[in-house]
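Student: One structure follows; several queries about it will come next.
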Amino acid sequence: MTIIHQFTVSEGQEWVLPVDDGDYEVFFGLDGRSLEGWQPPVMRRVEEGERHYSDFPWLGEHAPLLRRPAVDALAATLRPYGELVPLRGEKVWLLNVTHVIDALDEARSQMVRFEDGDILAIKRYAFDAEKIGGAEVFKLPMRASPVFVDDVFVERVRKAGLRMVSFKPVWTSGTAG
């Protein structure tokens, strides 16, 4: 049995956001292509409220950010699934997932759609386990897809002692949905 998770924000977790609001679109537009030669945006740590250091500061489930301890612990594991791209300003790396799998089982997922049929949101995920295979990290071929990780990856993060990173299970193989 495999459990698929997505990154989720923890209470009080530090956030790192683009200095220029126009750069949010860059992160939403990550579609699995390499960012080689890309001019990375300048990032800043959010100072408002009580924020706690995180080895995975929050930007969103679609664009995981890593600090040096996470890069050191996970770079070899992540290499087959994407690229770690250093950003400017705050010392963080973007995990640009290039391992895109069309594994969403739309018939068993619960989705909200736009009038034209495009997916607006997915309320409940169902995946084709055969398409996922042994992939520890992947995203779907859709705009702003969350980054999905399996339970093996979650355990790697825990064993590495990485701080303030949370995952939300979204699907278990062998279940109806």
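FYI, nothing fancy with the structure tokens labels: chains A, B, ... in order, residues from 1 per chain, ligands from 1 as they appear.
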Which residues, written as a PyMOL selection string, have at least one atom at most 7 Å from Asp55 in chain A, with only C-alpha atoms counted and residues fewer than 3 positions away on the same chain left out?
Tutor: chain A and resi 66-67+69-70+162-165
Student: Keeping only N, CA and C atoms, write the selected residues to a file as a short mmCIF file (atom, residue, chain, number, x, y, z; two decimals), in the first residue's frame.
Tutor:
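Result file result-v2.cif:
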data_model
loop_
_atom_site.label_atom_id
_atom_site.label_comp_id
_atom_site.auth_asym_id
_atom_site.auth_seq_id
_atom_site.Cartn_x
_atom_site.Cartn_y
_atom_site.Cartn_z
N LEU A 66 13.36 24.86 -0.28
CA LEU A 66 14.22 24.14 0.65
C LEU A 66 15.34 25.05 1.12
N ARG A 67 15.70 24.91 2.37
CA ARG A 67 16.90 25.55 2.91
C ARG A 67 18.05 24.55 2.84
N PRO A 69 19.87 22.67 4.88
CA PRO A 69 19.81 21.32 5.47
C PRO A 69 18.95 20.36 4.65
N ALA A 70 17.87 20.83 4.08
CA ALA A 70 17.00 19.97 3.26
C ALA A 70 17.69 19.63 1.94
N LEU A 162 14.51 16.96 9.43
CA LEU A 162 14.21 18.29 8.89
C LEU A 162 13.07 18.92 9.68
N ARG A 163 13.18 20.22 9.89
CA ARG A 163 12.27 20.92 10.80
C ARG A 163 11.18 21.68 10.07
N MET A 164 10.01 21.71 10.73
CA MET A 164 8.84 22.48 10.27
C MET A 164 8.49 22.19 8.81
N VAL A 165 8.29 20.93 8.50
CA VAL A 165 7.77 20.52 7.20
C VAL A 165 6.62 19.58 7.48
#
Student: Would you return as number ranges by chain the members of chain A that DSSP assigns to helix (DSSP H, G or I) on this structure's backbone?
Tutor: A: 21-28, 68-81, 129-132, 151-159
Student: Quick one: residues within 7 Å of Pro57 in chain A, only C-alpha atoms, excluding same-chain residues fewer than 6 positions away - as a list in words?
Tutor: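 Neighbouring residues, sequence-local ones excluded: Gln13, Glu14, Trp15, Val16, Leu65 and Leu66 of chain A.
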Student: Excluding Gly12 in chain A and residues on its chain fewer than 2 positions from it, collect all residues at most 12 Å away from it, counting only C-alpha atoms, and give them as a list in words.
Tutor: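 Selected residues are Val9, Ser10, Glu14, Trp15, Val46, Glu47, Glu48, Gly49, Glu50, Arg51, His52, Tyr53, Ser54, Pro57, Trp58, Met164, Val165 and Ser166 of chain A.
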Student: Write the selection just made, keeping N, CA and C atoms, as an mmCIF file, in the first residue's frame?
Tutor:
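Here's the written file out-v8.cif:
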data_model
loop_
_atom_site.group_PDB
_atom_site.id
_atom_site.type_symbol
_atom_site.label_atom_id
_atom_site.label_comp_id
_atom_site.auth_asym_id
_atom_site.auth_seq_id
_atom_site.Cartn_x
_atom_site.Cartn_y
_atom_site.Cartn_z
ATOM 1 N N VAL A 9 1.067 23.586 4.842
ATOM 2 C CA VAL A 9 1.682 24.569 5.728
ATOM 3 C C VAL A 9 1.382 24.215 7.179
ATOM 4 N N SER A 10 2.378 24.429 8.041
ATOM 5 C CA SER A 10 2.230 24.208 9.487
ATOM 6 C C SER A 10 1.932 25.528 10.175
ATOM 7 N N GLU A 14 7.555 29.453 8.820
ATOM 8 C CA GLU A 14 8.012 30.643 8.098
ATOM 9 C C GLU A 14 7.590 30.568 6.632
ATOM 10 N N TRP A 15 7.336 31.723 6.066
ATOM 11 C CA TRP A 15 6.966 31.866 4.665
ATOM 12 C C TRP A 15 8.071 32.637 3.954
ATOM 13 N N VAL A 46 8.839 36.410 5.162
ATOM 14 C CA VAL A 46 7.736 37.162 5.750
ATOM 15 C C VAL A 46 8.041 37.354 7.231
ATOM 16 N N GLU A 47 8.025 38.602 7.672
ATOM 17 C CA GLU A 47 8.377 38.922 9.057
ATOM 18 C C GLU A 47 7.157 39.128 9.946
ATOM 19 N N GLU A 48 5.969 39.306 9.373
ATOM 20 C CA GLU A 48 4.770 39.558 10.167
ATOM 21 C C GLU A 48 4.394 38.320 10.982
ATOM 22 N N GLY A 49 3.932 38.552 12.200
ATOM 23 C CA GLY A 49 3.481 37.450 13.050
ATOM 24 C C GLY A 49 4.646 36.622 13.559
ATOM 25 N N GLU A 50 4.319 35.635 14.358
ATOM 26 C CA GLU A 50 5.357 34.760 14.894
ATOM 27 C C GLU A 50 5.601 33.629 13.900
ATOM 28 N N ARG A 51 6.757 33.631 13.299
ATOM 29 C CA ARG A 51 7.130 32.618 12.305
ATOM 30 C C ARG A 51 8.318 31.830 12.830
ATOM 31 N N HIS A 52 8.301 30.533 12.610
ATOM 32 C CA HIS A 52 9.363 29.661 13.080
ATOM 33 C C HIS A 52 10.166 29.142 11.898
ATOM 34 N N TYR A 53 11.473 29.079 12.081
ATOM 35 C CA TYR A 53 12.378 28.562 11.059
ATOM 36 C C TYR A 53 11.848 27.245 10.498
ATOM 37 N N SER A 54 11.994 27.086 9.186
ATOM 38 C CA SER A 54 11.603 25.852 8.517
ATOM 39 C C SER A 54 12.669 25.460 7.502
ATOM 40 N N PRO A 57 10.617 26.368 3.941
ATOM 41 C CA PRO A 57 9.751 27.541 4.125
ATOM 42 C C PRO A 57 8.616 27.524 3.105
ATOM 43 N N TRP A 58 7.462 28.035 3.507
ATOM 44 C CA TRP A 58 6.246 27.912 2.705
ATOM 45 C C TRP A 58 6.145 28.976 1.625
ATOM 46 N N MET A 164 10.009 21.713 10.727
ATOM 47 C CA MET A 164 8.840 22.484 10.272
ATOM 48 C C MET A 164 8.486 22.190 8.813
ATOM 49 N N VAL A 165 8.293 20.931 8.504
ATOM 50 C CA VAL A 165 7.772 20.525 7.199
ATOM 51 C C VAL A 165 6.617 19.576 7.477
ATOM 52 N N SER A 166 5.505 19.796 6.791
ATOM 53 C CA SER A 166 4.308 18.987 7.015
ATOM 54 C C SER A 166 3.771 18.457 5.693
#
Student: I'd like to know which of A:Leu87, A:Leu78, A:Leu59, A:Ala103 is closest to Ala126 in chain A, using only C-alpha atoms.
Tutor: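 Under the stated criterion, the closest residue is A:Ala103.
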Student: With distances taken over only C-alpha atoms, which of A:Val149, A:Met142, A:Met43, A:Ala135 is nearest to Asp23 in chain A?
Tutor: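 Between A:Val149, A:Met142, A:Met43, A:Ala135, the residue approaching Asp23 in chain A most closely is A:Met43.
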Student: Between CA of Gly60 in chain A and CA of Leu94 in chain A, what distance in Å does the model show, to one decimal?
Tutor: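 So the two atoms, CA of Gly60 in chain A and CA of Leu94 in chain A, lie 11.0 Å apart.
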Student: As a list of chain:residue names, please: the residues near Asn96 in chain A (cut-off 9 Å, only C-alpha atoms, same-chain neighbours under 4 positions excluded).
Tutor: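 The neighbour list is A:Leu30, A:Asp31, A:Gly32, A:Arg33, A:Ser34, A:Leu35, A:Ala63, A:Pro64, A:Tyr81, A:Gly82, A:Glu83, A:Leu84, A:Val85.
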Student: Counting only C-alpha atoms, which residue out of A:Gly117, A:Gly161, A:Pro41, A:Pro141 sits closest to Glu90 in chain A?
Tutor: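 Of A:Gly117, A:Gly161, A:Pro41, A:Pro141, the one nearest Glu90 in chain A is A:Pro41, counting only C-alpha atoms.
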Student: Looking at only C-alpha atoms, which of A:Val100, A:Ala144, A:Leu17, A:Ile132 is the one that sits closest to Thr2 in chain A?
Tutor: A:Ile132
Student: DSSP on the backbone: which residues in range 7-160 of chain A end up as strand (DSSP E or B)? Give the answer as a ChimeraX atom specification.
Tutor: /A:7-8,13,15-18,42-45,52,58,65-66,82-86,88-89,93-97,100,104,110-113,119-124,127,137-139,147-150
Student: When distances are computed from only C-alpha atoms, which of A:Val137, A:Arg143, A:Tyr24, A:Asp105 shows the smallest separation from Ala121 in chain A?
Tutor: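 Using only C-alpha atoms, the shortest distance to Ala121 in chain A belongs to A:Arg143.
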Student: Between CA of Thr172 in chain A and CA of His99 in chain A, what is the distance, to one decimal in Å?
Tutor: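 It comes out at 20.0 Å.
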